[in-house]
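Novice: I'd like to ask some things about the structure below.
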Amino acid sequence: MLDQFDPGSSLKDRVYETLKSEIIMGGFKAGQQLNIVDLATRMGISSAPVREALGMLQQNGFVVLTPRKKALVADVSATDYAITMEVRQMLEPYAAKISTGQIPGEHLAEIRGQMEALLKRPEMKAYIESDTQLHRMMGMYCGSRILDDLLKMIKDHSLRIRYCAEEMAPEAQKSEYIVTITLEHLEIVSAWERNDAEAVYEKSAQHLRNFIQRSNKEGIL
């Protein structure tokens, strides 16, 4: 992912998003030291925006800065992850409900097409893109910047364990998992398309309950 970095506008934010994605997707492991000079060289930029981005990552719980200014990828505790899932159950169904009727039809058609293609050809990268887009819609169209920001932060932390666990699963199990999740996502999209806010809430809540049950069964939680 670092070799795809675009050193264009908004450097600090671009560096932050790039490094955060590497941490979430397991490119950087818990406890790994992040060398500022090395990262800057690989991105083709100066050290200053990398240093600023690492400070942002520390504030959001992805990086720990030691007294000697070394940047280490933060660990994830089972307690933190369990609490994150509890908060998601409180916020996500509500955000999905109040976004009902606000999402443009072309966006719903686009994500439906992505998900239907996934059912025919389960593939991790496309699954991650559709999953991310679905949850971004909840925040983007809920009408509250505060709620949107909360959802993004909470989702990022839960994804860190989730995607790594899914990526390491056997190929057959991985495909089955993608199909199962995508079918649940399509139920949410269908309720959005019907402008059925109550159904959106229930489908979103059920999706999270199902995920927690699967996580407990697989030892993720």
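Every chain in the structure tokens takes a letter, A first, then B, and so on in the order presented; its residues are numbered from 1, and the ligands are numbered from 1 following the presented order.
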Mind the document's chain letters and residue numbers, and return as a PyMOL selection string the residues of chain A that DSSP labels alpha helix (DSSP H).
Specialist: chain A and resi 11-24+36-43+47-59+78-98+105-120+124-140+145-167+171-193+197-218
Novice: Please tabulate, as JSON lines, the residues of range 62-124 of chain A that come within 9 Å of range 183-203 of chain A, each with its closest pair of atoms and the distance in Å to one decimal, counting only C-alpha atoms and ordering rows by chain, then residue number upward.
Specialist:
{"residue": "A:Glu92", "atom": "CA", "partner": "A:Tyr201", "partner_atom": "CA", "distance": 8.4}
{"residue": "A:Pro93", "atom": "CA", "partner": "A:Tyr201", "partner_atom": "CA", "distance": 4.7}
{"residue": "A:Tyr94", "atom": "CA", "partner": "A:Tyr201", "partner_atom": "CA", "distance": 6.3}
{"residue": "A:Ala95", "atom": "CA", "partner": "A:Tyr201", "partner_atom": "CA", "distance": 8.4}
{"residue": "A:Ala96", "atom": "CA", "partner": "A:Tyr201", "partner_atom": "CA", "distance": 6.3}
{"residue": "A:Lys97", "atom": "CA", "partner": "A:Ala197", "partner_atom": "CA", "distance": 4.9}
{"residue": "A:Ile98", "atom": "CA", "partner": "A:Ala197", "partner_atom": "CA", "distance": 7.1}
{"residue": "A:Ser99", "atom": "CA", "partner": "A:Ala197", "partner_atom": "CA", "distance": 8.3}
{"residue": "A:Thr100", "atom": "CA", "partner": "A:Trp192", "partner_atom": "CA", "distance": 5.6}
{"residue": "A:Gly101", "atom": "CA", "partner": "A:Asn195", "partner_atom": "CA", "distance": 5.5}
{"residue": "A:Ile103", "atom": "CA", "partner": "A:Trp192", "partner_atom": "CA", "distance": 8.1}
{"residue": "A:Gly105", "atom": "CA", "partner": "A:Glu193", "partner_atom": "CA", "distance": 7.6}
{"residue": "A:Leu108", "atom": "CA", "partner": "A:Val189", "partner_atom": "CA", "distance": 6.8}
{"residue": "A:Ala109", "atom": "CA", "partner": "A:Glu193", "partner_atom": "CA", "distance": 8.9}
{"residue": "A:Ile111", "atom": "CA", "partner": "A:Val189", "partner_atom": "CA", "distance": 8.2}
{"residue": "A:Arg112", "atom": "CA", "partner": "A:Leu186", "partner_atom": "CA", "distance": 6.9}
{"residue": "A:Met115", "atom": "CA", "partner": "A:Leu186", "partner_atom": "CA", "distance": 7.1}
{"residue": "A:Glu116", "atom": "CA", "partner": "A:Leu186", "partner_atom": "CA", "distance": 8.4}
{"residue": "A:Leu119", "atom": "CA", "partner": "A:Leu183", "partner_atom": "CA", "distance": 8.0}
Novice: Which residues are near Leu39 in chain A? Cut-off 12 Å, only C-alpha atoms, ignore same chain within fewer than 4 positions. Put them as a list in words.
Specialist: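 Result of the neighbour search: Met1, Leu2, Asp3, Phe5, Val15, Tyr16, Thr18, Leu19, Glu22, Phe28, Gln33, Leu34, Asn35, Met43, Gly44, Ile45, Ser46, Ser47, Ala48, Pro49, Val50, Arg51, Ala53, Leu54 and Ala71 of chain A.
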Novice: Of the residues A:Gln58, A:Ser158, A:Gln114, A:Thr41, which is the one nearest to Arg88 in chain A, using only C-alpha atoms?
Specialist: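 Ranked by minimum distance to Arg88 in chain A, first place goes to A:Ser158.
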Novice: To one decimal place in Å, what is the distance between CA of Leu118 in chain A and CA of Leu134 in chain A?
Specialist: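 It comes out at 13.8 Å.
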Novice: Write out as a ChimeraX atom specification all residues of range 16-86 of chain A that backbone DSSP assigns to strand (DSSP E).
Specialist: /A:33-34,63-65,71-73
Novice: Can you work out which one of A:Phe62, A:Tyr177, A:Tyr141, A:Tyr127 has the shortest atom-to-atom distance to Gly31 in chain A, counting only C-alpha atoms?
Specialist: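 Nearest to Gly31 in chain A: A:Phe62.
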Novice: Please, what distance in Å, to one decimal, runs between CA of Tyr81 in chain A and CA of Arg68 in chain A?
Specialist: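 If I compute the distance from CA of Tyr81 in chain A to CA of Arg68 in chain A, I get 28.2 Å.
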Novice: In terms of the shortest atom-to-atom distance over only C-alpha atoms, which of A:Leu91, A:Lys29, A:Val179, A:Ile23 is closest to Asp148 in chain A?
Specialist: A:Leu91
Novice: Out of A:Asp13, A:Asp38, A:Glu129, A:Asp75, which residue has the shortest atom-to-atom distance to His157 in chain A when counting only C-alpha atoms?
Specialist: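 Of all the options, A:Asp75 lies closest to His157 in chain A.
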Novice: Name all residues at most 9 Å from Gly55 in chain A (count only C-alpha atoms; drop same-chain ones fewer than 6 positions away) and give them as a list in words.
Specialist: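 Counting only C-alpha atoms, the residues come to Val63, Val64 and Leu65 of chain A.
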Novice: Give me the residues within 10 Å of Lys155 in chain A as a list in words, counting only C-alpha atoms and dropping any in the same chain fewer than 5 places off.
Specialist: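 My list of contacting residues is Thr84, Met85, Val87, Arg88, Glu92, Thr132, His135, Arg136, Asp149, Leu150 and Arg160 of chain A.
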Novice: Quick one: distance from CA of Glu86 in chain A to CA of His207 in chain A in Å, one decimal?
Specialist: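 According to the coordinates, CA of Glu86 in chain A and CA of His207 in chain A are separated by 13.2 Å.
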Novice: With only C-alpha atoms as the basis for distance, which of A:Phe211, A:Gln102, A:Leu57, A:Ile154 is at the shortest distance from Ser21 in chain A?
Specialist: A:Leu57
Novice: Rank nothing, just name the residue among A:Gly143, A:Pro104, A:Gly26, A:Pro122 nearest to Ala74 in chain A, using only C-alpha atoms.
Specialist: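 Closest candidate: A:Gly26.
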